[in-house]
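Below is model19.cif, holding mmCIF, C-alpha atoms and all ligand atoms.
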data_start
loop_
_atom_site.label_atom_id
_atom_site.label_comp_id
_atom_site.auth_asym_id
_atom_site.auth_seq_id
_atom_site.Cartn_x
_atom_site.Cartn_y
_atom_site.Cartn_z
CA MET K 1 -35.09 -8.83 0.34
CA THR K 2 -33.03 -7.69 -2.66
CA LEU K 3 -31.81 -4.14 -2.45
CA ALA K 4 -29.84 -2.86 -5.40
CA PRO K 5 -27.19 -0.33 -4.40
CA PRO K 6 -27.66 3.08 -6.02
CA PRO K 7 -25.36 3.88 -8.97
CA SER K 8 -23.66 6.65 -7.06
CA SER K 9 -22.49 6.82 -3.47
CA ARG K 10 -23.30 10.56 -3.18
CA VAL K 11 -25.49 9.83 -0.18
CA GLN K 12 -22.35 9.14 1.85
CA LEU K 13 -20.88 12.64 1.46
CA THR K 14 -21.88 16.00 2.87
CA GLU K 15 -22.45 18.91 0.47
CA ASP K 16 -18.86 20.04 1.03
CA GLY K 17 -17.48 16.55 0.33
CA LYS K 18 -16.89 15.26 3.86
CA LEU K 19 -17.69 11.72 4.91
CA ARG K 20 -21.22 11.45 6.36
CA HIS K 21 -21.82 7.73 5.97
CA PHE K 22 -19.24 5.19 4.70
CA LEU K 23 -21.02 2.81 2.37
CA SER K 24 -18.63 2.21 -0.52
CA VAL K 25 -15.14 3.10 -1.73
CA GLU K 26 -16.55 3.59 -5.22
CA HIS K 27 -16.79 7.26 -6.27
CA VAL K 28 -14.83 8.42 -3.21
CA SER K 29 -12.00 10.78 -4.16
CA ARG K 30 -8.36 9.93 -3.71
CA SER K 31 -7.97 12.85 -1.30
CA LEU K 32 -10.77 11.58 0.95
CA LEU K 33 -9.34 8.03 0.93
CA GLU K 34 -5.94 9.48 1.84
CA GLU K 35 -7.57 11.49 4.62
CA ILE K 36 -8.98 8.23 6.05
CA LEU K 37 -5.50 6.66 5.94
CA ASP K 38 -3.84 9.72 7.50
CA THR K 39 -6.47 9.92 10.24
CA ALA K 40 -5.99 6.20 10.92
CA ALA K 41 -2.23 6.80 11.23
CA SER K 42 -2.95 9.30 14.01
CA PHE K 43 -4.87 6.60 15.92
CA VAL K 44 -2.47 3.65 15.59
CA ASP K 45 -0.52 4.43 18.75
CA VAL K 46 -3.70 4.57 20.89
CA GLY K 47 -3.67 0.76 20.96
CA GLY K 48 -0.21 0.79 22.57
CA ARG K 49 -1.07 3.21 25.39
CA ALA K 50 -1.71 2.22 29.01
CA ILE K 51 -5.18 3.76 28.68
CA LYS K 52 -6.35 2.89 25.18
CA LYS K 53 -8.85 5.73 24.81
CA VAL K 54 -9.35 9.13 23.21
CA PRO K 55 -12.47 11.20 23.97
CA LEU K 56 -13.61 11.98 20.41
CA LEU K 57 -16.94 10.11 20.53
CA ARG K 58 -17.67 10.55 24.23
CA GLY K 59 -21.45 10.65 24.71
CA LYS K 60 -22.16 9.03 21.33
CA THR K 61 -23.94 5.70 20.96
CA VAL K 62 -22.79 3.22 18.32
CA VAL K 63 -25.03 0.26 17.46
CA ASN K 64 -23.48 -2.82 15.83
CA LEU K 65 -26.10 -4.49 13.61
CA PHE K 66 -24.62 -7.69 12.22
CA PHE K 67 -27.12 -9.76 10.24
CA GLU K 68 -24.25 -12.04 9.13
CA SER K 69 -21.57 -13.70 11.22
CA SER K 70 -18.27 -11.92 11.86
CA THR K 71 -15.22 -12.20 14.10
CA ARG K 72 -12.79 -9.50 12.95
CA THR K 73 -15.10 -6.77 11.68
CA ARG K 74 -17.55 -6.82 14.57
CA SER K 75 -14.84 -7.04 17.25
CA THR K 76 -12.67 -4.31 15.76
CA PHE K 77 -15.63 -1.97 15.24
CA GLU K 78 -16.55 -2.50 18.89
CA LEU K 79 -12.98 -1.88 20.05
CA ALA K 80 -12.67 1.14 17.75
CA ALA K 81 -15.86 2.68 19.15
CA LYS K 82 -14.74 2.01 22.73
CA ARG K 83 -11.30 3.47 22.08
CA LEU K 84 -13.11 6.60 20.85
CA SER K 85 -15.03 6.58 24.18
CA ALA K 86 -18.43 5.87 22.58
CA ASP K 87 -21.08 3.69 24.21
CA VAL K 88 -21.53 0.51 22.18
CA LEU K 89 -24.62 -1.64 21.78
CA ASN K 90 -24.18 -4.99 20.03
CA LEU K 91 -27.62 -6.13 18.96
CA ASP K 92 -27.76 -9.92 18.90
CA ILE K 93 -29.80 -10.34 15.72
CA SER K 94 -30.46 -14.05 16.36
CA LYS K 95 -32.13 -13.13 19.68
CA SER K 96 -33.71 -9.87 18.49
CA ALA K 97 -37.35 -9.25 17.57
CA THR K 98 -36.51 -9.69 13.88
CA SER K 99 -37.05 -13.41 14.59
CA LYS K 100 -40.64 -12.46 15.58
CA GLY K 101 -41.21 -10.76 12.24
CA GLU K 102 -40.18 -7.19 13.01
CA THR K 103 -39.07 -5.43 9.84
CA LEU K 104 -35.62 -3.90 9.40
CA LEU K 105 -37.15 -0.43 9.32
CA ASP K 106 -39.08 -0.96 12.54
CA THR K 107 -35.92 -2.24 14.22
CA LEU K 108 -34.08 0.90 13.06
CA ARG K 109 -36.86 3.22 14.26
CA ASN K 110 -36.73 1.62 17.71
CA LEU K 111 -32.95 1.96 17.91
CA GLU K 112 -33.23 5.60 16.79
CA ALA K 113 -35.72 6.12 19.62
CA MET K 114 -32.89 5.05 21.97
CA ALA K 115 -30.84 7.98 20.57
CA ALA K 116 -28.37 5.93 18.52
CA ASP K 117 -25.81 8.08 16.67
CA MET K 118 -24.32 5.44 14.39
CA PHE K 119 -25.31 2.11 12.87
CA VAL K 120 -22.54 -0.28 11.81
CA VAL K 121 -24.29 -2.67 9.45
CA ARG K 122 -23.35 -6.05 8.02
CA HIS K 123 -26.08 -7.57 5.88
CA GLN K 124 -26.39 -10.45 3.45
CA ASP K 125 -28.22 -8.27 0.91
CA SER K 126 -26.21 -5.99 -1.38
CA GLY K 127 -27.41 -2.43 -0.87
CA ALA K 128 -28.85 -2.85 2.64
CA PRO K 129 -26.57 -0.16 4.19
CA PHE K 130 -27.53 2.27 1.36
CA PHE K 131 -31.19 1.56 2.06
CA ILE K 132 -30.64 2.20 5.77
CA ALA K 133 -28.63 5.39 5.12
CA ASN K 134 -31.52 6.73 3.05
CA GLU K 135 -34.02 5.94 5.82
CA VAL K 136 -32.27 7.04 9.02
CA THR K 137 -32.81 10.43 10.62
CA PRO K 138 -30.18 13.02 9.60
CA GLN K 139 -28.32 12.75 12.94
CA VAL K 140 -27.43 9.09 12.39
CA ALA K 141 -24.34 7.91 10.49
CA VAL K 142 -24.25 4.52 8.78
CA ILE K 143 -21.11 2.47 8.19
CA ASN K 144 -21.14 -0.51 5.83
CA ALA K 145 -19.46 -3.51 7.49
CA GLY K 146 -20.02 -5.71 4.41
CA ASP K 147 -23.14 -6.07 2.24
CA GLY K 148 -23.75 -9.18 0.15
CA ARG K 149 -21.28 -9.43 -2.71
CA HIS K 150 -21.25 -5.66 -3.11
CA ALA K 151 -18.77 -3.86 -0.84
CA HIS K 152 -16.67 -4.04 2.31
CA PRO K 153 -15.22 -0.53 2.39
CA THR K 154 -13.55 -0.54 5.81
CA GLN K 155 -11.85 -3.86 4.99
CA ALA K 156 -10.51 -2.31 1.78
CA MET K 157 -9.26 0.73 3.69
CA LEU K 158 -7.48 -1.32 6.34
CA ASP K 159 -5.90 -3.28 3.50
CA MET K 160 -4.81 0.01 1.88
CA TYR K 161 -3.40 1.11 5.22
CA THR K 162 -1.43 -2.13 5.48
CA ILE K 163 -0.07 -1.81 1.94
CA ARG K 164 0.94 1.82 2.48
CA HIS K 165 2.59 0.88 5.79
CA TYR K 166 4.73 -1.88 4.26
CA LYS K 167 5.30 -0.47 0.77
CA GLY K 168 5.43 3.27 1.48
CA GLY K 169 2.69 4.17 -1.02
CA PHE K 170 0.96 2.95 -4.15
CA ALA K 171 2.97 4.42 -7.05
CA GLY K 172 4.46 1.65 -9.20
CA LEU K 173 2.84 -1.13 -7.15
CA ARG K 174 1.53 -4.33 -8.72
CA VAL K 175 -1.11 -5.99 -6.58
CA ALA K 176 -2.62 -9.44 -7.20
CA ILE K 177 -6.01 -10.40 -5.71
CA VAL K 178 -6.40 -14.17 -5.86
CA GLY K 179 -9.19 -16.72 -5.59
CA ASP K 180 -12.95 -16.42 -5.33
CA ILE K 181 -13.33 -12.96 -6.84
CA LEU K 182 -16.90 -13.60 -8.01
CA HIS K 183 -18.38 -13.74 -4.52
CA SER K 184 -16.00 -11.27 -2.89
CA ARG K 185 -17.23 -7.86 -1.71
CA VAL K 186 -13.68 -7.36 -0.43
CA ALA K 187 -12.11 -7.73 -3.90
CA ARG K 188 -14.50 -5.19 -5.46
CA SER K 189 -13.75 -2.60 -2.77
CA GLN K 190 -10.00 -3.29 -2.93
CA ALA K 191 -9.93 -2.87 -6.73
CA HIS K 192 -11.72 0.50 -6.50
CA ALA K 193 -9.45 1.69 -3.68
CA LEU K 194 -6.21 0.57 -5.36
CA ASN K 195 -7.15 2.29 -8.60
CA ALA K 196 -8.22 5.48 -6.81
CA LEU K 197 -4.97 5.56 -4.81
CA GLY K 198 -2.83 5.14 -7.93
CA ALA K 199 -1.56 1.54 -7.88
CA ALA K 200 0.23 0.75 -11.14
CA GLU K 201 -1.60 -2.53 -11.81
CA VAL K 202 -4.37 -4.50 -10.12
CA ARG K 203 -4.52 -8.16 -11.15
CA LEU K 204 -7.33 -10.57 -10.47
CA ILE K 205 -6.32 -14.24 -10.52
CA GLY K 206 -8.74 -17.15 -10.36
CA PRO K 207 -10.56 -19.83 -12.33
CA ARG K 208 -12.93 -18.48 -14.99
CA THR K 209 -15.92 -19.73 -12.97
CA LEU K 210 -14.93 -17.55 -10.01
CA LEU K 211 -14.21 -14.35 -11.95
CA PRO K 212 -17.00 -11.80 -12.47
CA VAL K 213 -18.08 -11.17 -16.06
CA ASP K 214 -17.62 -7.41 -15.52
CA ALA K 215 -14.04 -7.86 -14.18
CA GLU K 216 -12.41 -5.68 -16.86
CA GLY K 217 -14.84 -2.88 -15.89
CA LEU K 218 -13.14 -2.77 -12.49
CA GLY K 219 -9.94 -1.45 -14.10
CA VAL K 220 -7.98 -4.67 -13.58
CA THR K 221 -6.00 -7.25 -15.54
CA VAL K 222 -7.39 -10.77 -15.38
CA PHE K 223 -5.32 -13.98 -15.14
CA THR K 224 -6.37 -17.59 -14.82
CA ASP K 225 -2.80 -18.86 -14.32
CA MET K 226 -1.06 -18.30 -10.97
CA ALA K 227 2.50 -18.27 -12.31
CA GLN K 228 1.68 -15.57 -14.86
CA GLY K 229 -0.56 -13.57 -12.53
CA LEU K 230 1.89 -13.53 -9.61
CA LYS K 231 4.92 -12.65 -11.74
CA ASP K 232 6.74 -9.70 -10.13
CA VAL K 233 3.87 -8.52 -7.96
CA ASP K 234 4.56 -6.49 -4.78
CA VAL K 235 1.45 -7.56 -2.88
CA VAL K 236 -0.51 -10.84 -2.93
CA ILE K 237 -4.02 -10.70 -1.45
CA MET K 238 -5.61 -14.11 -1.01
CA LEU K 239 -9.39 -14.48 -0.67
CA ARG K 240 -11.50 -17.04 1.11
CA LEU K 241 -13.56 -19.48 -0.95
CA GLN K 242 -17.07 -18.27 -0.06
CA LYS K 243 -18.80 -21.63 -0.12
CA GLU K 244 -21.91 -20.19 1.57
CA ARG K 245 -22.51 -18.02 -1.53
CA MET K 246 -21.45 -20.66 -4.04
CA ASP K 247 -23.21 -23.03 -6.40
CA SER K 248 -21.21 -26.27 -6.05
CA ALA K 249 -20.91 -26.49 -9.85
CA LEU K 250 -18.49 -23.54 -9.79
CA LEU K 251 -15.70 -25.56 -8.20
CA PRO K 252 -14.43 -29.05 -9.11
CA SER K 253 -13.06 -29.73 -5.58
CA GLU K 254 -11.19 -27.94 -2.81
CA GLY K 255 -8.15 -30.15 -3.47
CA GLU K 256 -8.09 -29.18 -7.13
CA PHE K 257 -8.55 -25.50 -6.23
CA PHE K 258 -5.62 -25.63 -3.80
CA ARG K 259 -3.42 -27.37 -6.38
CA LEU K 260 -4.07 -24.66 -8.96
CA TYR K 261 -4.69 -21.50 -6.87
CA GLY K 262 -3.72 -22.23 -3.26
CA LEU K 263 -0.77 -20.04 -2.22
CA THR K 264 2.29 -22.09 -1.30
CA ASN K 265 5.90 -20.99 -0.88
CA GLU K 266 6.58 -22.50 -4.30
CA LYS K 267 3.95 -20.35 -6.03
CA LEU K 268 4.97 -17.29 -4.01
CA ARG K 269 8.40 -17.47 -5.69
CA HIS K 270 6.82 -15.89 -8.78
CA ALA K 271 6.16 -12.69 -6.83
CA LYS K 272 8.89 -10.18 -5.97
CA PRO K 273 11.24 -11.39 -3.20
CA ASP K 274 9.89 -8.71 -0.83
CA ALA K 275 6.22 -9.22 -1.71
CA ILE K 276 3.85 -9.20 1.25
CA VAL K 277 0.98 -11.68 1.66
CA MET K 278 -2.42 -10.52 2.86
CA HIS K 279 -5.80 -12.13 3.55
CA PRO K 280 -8.94 -10.45 4.96
CA GLY K 281 -9.77 -13.58 6.97
CA PRO K 282 -11.17 -15.94 7.94
CA ILE K 283 -8.51 -18.09 6.27
CA ASN K 284 -9.12 -21.65 5.13
CA ARG K 285 -5.76 -23.35 5.59
CA GLY K 286 -5.00 -25.85 2.87
CA VAL K 287 -7.80 -24.48 0.67
CA GLU K 288 -6.69 -21.01 -0.51
CA ILE K 289 -3.47 -20.67 1.50
CA ALA K 290 -0.90 -23.08 2.96
CA SER K 291 0.04 -22.68 6.63
CA GLU K 292 3.70 -22.24 5.59
CA VAL K 293 2.65 -18.98 3.89
CA ALA K 294 -0.09 -17.84 6.29
CA ASP K 295 2.33 -18.16 9.23
CA GLY K 296 5.45 -17.31 7.23
CA PRO K 297 7.70 -14.24 7.29
CA ARG K 298 5.94 -12.48 4.42
CA SER K 299 2.48 -12.76 5.92
CA VAL K 300 1.00 -9.53 7.34
CA ILE K 301 -2.42 -11.07 7.94
CA LEU K 302 -2.58 -10.36 11.67
CA ASN K 303 -1.15 -6.87 11.18
CA GLN K 304 -4.16 -6.17 8.94
CA VAL K 305 -6.41 -6.96 11.90
CA THR K 306 -4.49 -4.62 14.21
CA PHE K 307 -4.56 -1.75 11.69
CA GLY K 308 -8.29 -2.37 11.25
CA ILE K 309 -9.00 -0.85 14.65
CA ALA K 310 -7.28 2.44 13.78
CA VAL K 311 -8.90 2.56 10.34
CA ARG K 312 -12.34 1.99 11.85
CA MET K 313 -11.66 4.66 14.47
CA ALA K 314 -10.83 7.02 11.59
CA VAL K 315 -13.97 6.24 9.61
CA MET K 316 -16.24 6.49 12.67
CA SER K 317 -14.81 9.79 13.88
CA MET K 318 -14.87 11.30 10.38
CA ALA K 319 -18.49 10.23 9.79
CA ILE K 320 -19.66 11.64 13.13
CA SER K 321 -17.77 14.84 12.39
CA GLY K 322 -19.37 15.02 8.92
CA GLN K 323 -22.82 14.45 10.44
CA GLU K 324 -22.28 17.24 12.94
CA SER K 325 -21.01 19.68 10.34
CA SER K 326 -23.99 18.96 8.08
CA GLN K 327 -26.32 19.56 11.08
CA ASN K 328 -24.47 22.69 12.24
CA PRO K 329 -22.62 24.07 9.21
CA GLU K 330 -21.61 27.21 11.13
CA GLN K 331 -19.68 25.28 13.82
CA GLY K 332 -18.24 22.40 11.80
CA GLY K 333 -18.00 19.00 13.47
CA GLU K 334 -16.69 19.22 17.00
CA HIS K 335 -14.92 15.92 16.34
CA GLY K 336 -13.12 17.20 13.24
CA ARG K 337 -9.41 16.54 13.36
N1 LIG K 401 -12.59 -9.85 7.04
C1 LIG K 401 -13.80 -10.02 7.62
O1 LIG K 401 -14.80 -9.36 7.25
O2 LIG K 401 -13.82 -10.95 8.63
P1 LIG K 401 -15.09 -11.27 9.55
O3 LIG K 401 -16.11 -11.95 8.68
O4 LIG K 401 -14.59 -12.13 10.65
O5 LIG K 401 -15.63 -9.96 10.04
#
Spit out the file's structure as structure tokens when you get a sec.
Ligand code: CP
Amino acid sequence: MTLAPPPSSRVQLTEDGKLRHFLSVEHVSRSLLEEILDTAASFVDVGGRAIKKVPLLRGKTVVNLFFESSTRTRSTFELAAKRLSADVLNLDISKSATSKGETLLDTLRNLEAMAADMFVVRHQDSGAPFFIANEVTPQVAVINAGDGRHAHPTQAMLDMYTIRHYKGGFAGLRVAIVGDILHSRVARSQAHALNALGAAEVRLIGPRTLLPVDAEGLGVTVFTDMAQGLKDVDVVIMLRLQKERMDSALLPSEGEFFRLYGLTNEKLRHAKPDAIVMHPGPINRGVEIASEVADGPRSVILNQVTFGIAVRMAVMSMAISGQESSQNPEQGGEHGR
């Protein structure tokens, strides 16, 4: 199945501009992205409480539909939904009736018949969450948990949260995104988010074969040399080599890639002395990042994971609130914050 994402992400907003689905960072206003970050900030302390729950989604049913493997995204969406007091159903796709030939739409219709309120979707095909958002009944919200090479909007927002937490904001910031940009839905979403939030410069660094031909259209500066690309940056975001999406001809060898683009303490010296190091995970040690950096004092990789729960709580509660206000415009969403 090849599903091209629509040119605009209007489907994800209500008529008055609230979040209804969250499918892409593209075309989302700075004020709405900031609202996601501010809402996430209000949820961060929930994870430190004795009872890690707020009642915002009590009575709602969230269905995790992961057609691709995941550790961080699936687990943190589940925890986020539970911390919002929702009921959570994790459909095991490998053991579901899709293996007997049931179509995606029929699977969705059956889950809707169980009164699902939200689908969290990861799919190997770019555009699948848009397709689902256009097909679901109006009461159901859809959150994109990563589609093909296209977008990973909640990853980008948890990355923005992490940057804002450590750097205080985006004004004047230089951010380098390094590695396999070509296959990275994360890099695309990060570039859109960083530009929308006002970062001074977004740099993409990688070998020509792993840079998209439309890179300049993302509002970025492109480098093929690590020393030049990392010079004086505030944030270094490393990406995983996505071998499962890769034609082997794109890469000479992992050893050669690490020599030229793998982040070591020596290469990190080109960045500012207080630069932070990020990675969406899973990391490939010794391929795109050395353990001395991944486990070093400038790494905030595990903090990204922690913040991801609060950011996903924010997106889920805002989307349910937007759904409710579009169903009952008089009352507004009862979950609005
Ligand atoms: N960052 C990320 O999407 O990780 P997972 O594949 O483990 O969800």
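Proximity ranking of K:Asp214, K:Asp16, K:Asp147, K:Glu34 relative to ligand LIG 401 (chain K) places K:Asp147 first, based on all atoms listed in the file.
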Practice task
Could the residues that lie within 7 Å of ligand LIG 401 (chain K), counting only C-alpha atoms and all ligand atoms, be listed as a list in words?
Solution key: Ser69, Ser70, Thr71, Arg72, Thr73, Arg74, Gly146, Gln155, Pro280, Gly281 and Pro282 of chain K
Problem - Of the listed residues K:Phe22, K:Arg203, K:Ser96, K:Ala116, that which approaches Phe130 in chain K most closely, counting only C-alpha atoms - result: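 Of K:Phe22, K:Arg203, K:Ser96, K:Ala116, the one nearest Phe130 in chain K, counting only C-alpha atoms, is K:Phe22.
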Practice task
Select, from K:Ala113, K:Ile301, K:Leu239, K:Ala314, the residue with the minimum atom-to-atom distance to Val46 in chain K, counting all atoms listed in the file.
Solution key: K:Ala314
Problem - Nearest residue to Leu19 in chain K from the set K:Gly296, K:Gly255, K:Gly47, K:Gly322 (distances using all atoms listed in the file) - result: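 Of all the options, K:Gly322 lies closest to Leu19 in chain K.
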Practice task
Could you tell me how far CA of Leu57 in chain K lies from CA of Met318 in chain K, in Å and to one decimal?
Solution key: 10.4 Å
Exercise for the section: Have a look at K:Thr306, K:Asn265, K:Gln242, K:Thr209 and name the one nearest to Val293 in chain K; count only C-alpha atoms. Expected result: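 Closest to Val293 in chain K of all the choices is K:Asn265.
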Handout entry: One-decimal distance in Å that lies between CA of Gln12 in chain K and CA of Glu135 in chain K
Key =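 Separation between CA of Glu135 in chain K and CA of Gln12 in chain K: 12.7 Å.
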Exercise for the section: Calculate how many Å separate CA of Ala227 in chain K from CA of Met157 in chain K, rounding to one decimal. Expected result: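 So the two atoms, CA of Ala227 in chain K and CA of Met157 in chain K, lie 27.5 Å apart.
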Exercise for the section: Give the answer as one residue: which of K:Ile320, K:Gly169, K:Asn64, K:Ser189 has the shortest atom-to-atom distance to His150 in chain K, using only C-alpha atoms? Expected result: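 Of the candidates, the smallest distance to His150 in chain K is held by K:Ser189.
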Problem - Residue neighbourhood Leu56 in chain K, 12 Å, only C-alpha atoms, exclusion window fewer than 3 positions, as number ranges by chain - result: K: 43, 53, 59-60, 80-87, 313-314, 316-321, 333-337
Box centre and edge lengths (Å, one decimal), axis-aligned, range 169-176 of chain K plus 5 Å each side, as lines of an AutoDock Vina configuration file:
center_x = 0.9
center_y = -2.5
center_z = -5.1
size_x = 17.1
size_y = 23.9
size_z = 18.2
Exercise for the section: Fewer than 4 positions away in the same chain doesn't count, so skip those; otherwise give me all residues within 12 Å of Leu218 in chain K, counting all atoms listed in the file, as a ChimeraX atom specification. Expected result: /K:26,181,187-196,201-204,211-214,222
Just-selected residues, C-alpha atoms written as an mmCIF file, keeping the file's coordinate frame:
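That gives us part_0.cif:
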data_model
loop_
_atom_site.group_PDB
_atom_site.id
_atom_site.type_symbol
_atom_site.label_atom_id
_atom_site.label_comp_id
_atom_site.auth_asym_id
_atom_site.auth_seq_id
_atom_site.Cartn_x
_atom_site.Cartn_y
_atom_site.Cartn_z
ATOM 1 C CA GLU K 26 -16.550 3.590 -5.220
ATOM 2 C CA ILE K 181 -13.330 -12.960 -6.840
ATOM 3 C CA ALA K 187 -12.110 -7.730 -3.900
ATOM 4 C CA ARG K 188 -14.500 -5.190 -5.460
ATOM 5 C CA SER K 189 -13.750 -2.600 -2.770
ATOM 6 C CA GLN K 190 -10.000 -3.290 -2.930
ATOM 7 C CA ALA K 191 -9.930 -2.870 -6.730
ATOM 8 C CA HIS K 192 -11.720 0.500 -6.500
ATOM 9 C CA ALA K 193 -9.450 1.690 -3.680
ATOM 10 C CA LEU K 194 -6.210 0.570 -5.360
ATOM 11 C CA ASN K 195 -7.150 2.290 -8.600
ATOM 12 C CA ALA K 196 -8.220 5.480 -6.810
ATOM 13 C CA GLU K 201 -1.600 -2.530 -11.810
ATOM 14 C CA VAL K 202 -4.370 -4.500 -10.120
ATOM 15 C CA ARG K 203 -4.520 -8.160 -11.150
ATOM 16 C CA LEU K 204 -7.330 -10.570 -10.470
ATOM 17 C CA LEU K 211 -14.210 -14.350 -11.950
ATOM 18 C CA PRO K 212 -17.000 -11.800 -12.470
ATOM 19 C CA VAL K 213 -18.080 -11.170 -16.060
ATOM 20 C CA ASP K 214 -17.620 -7.410 -15.520
ATOM 21 C CA VAL K 222 -7.390 -10.770 -15.380
#
Handout entry: Radius query 10 Å about (-2.3, -2.7, 9.4), atoms used: only C-alpha atoms, as a ChimeraX atom specification
Key = /K:40-41,44,157-166,300-311
Handout entry: Surrounding residues of Ile93 in chain K excluding itself and chain neighbours under 6 positions, 8 Å, all atoms listed in the file, as a VMD selection string
Key = chain K and resid 65 to 67 99
Exercise for the section: Could you give me, as JSON, numbers by chain, the residues that have an atom at most 9 Å away from the point (-22.0, -1.6, 6.0) in the coordinates of the file, using only C-alpha atoms? Expected result: {"K": [22, 23, 24, 119, 120, 121, 122, 123, 127, 128, 129, 130, 142, 143, 144, 145, 146, 147, 151, 152, 153, 154]}
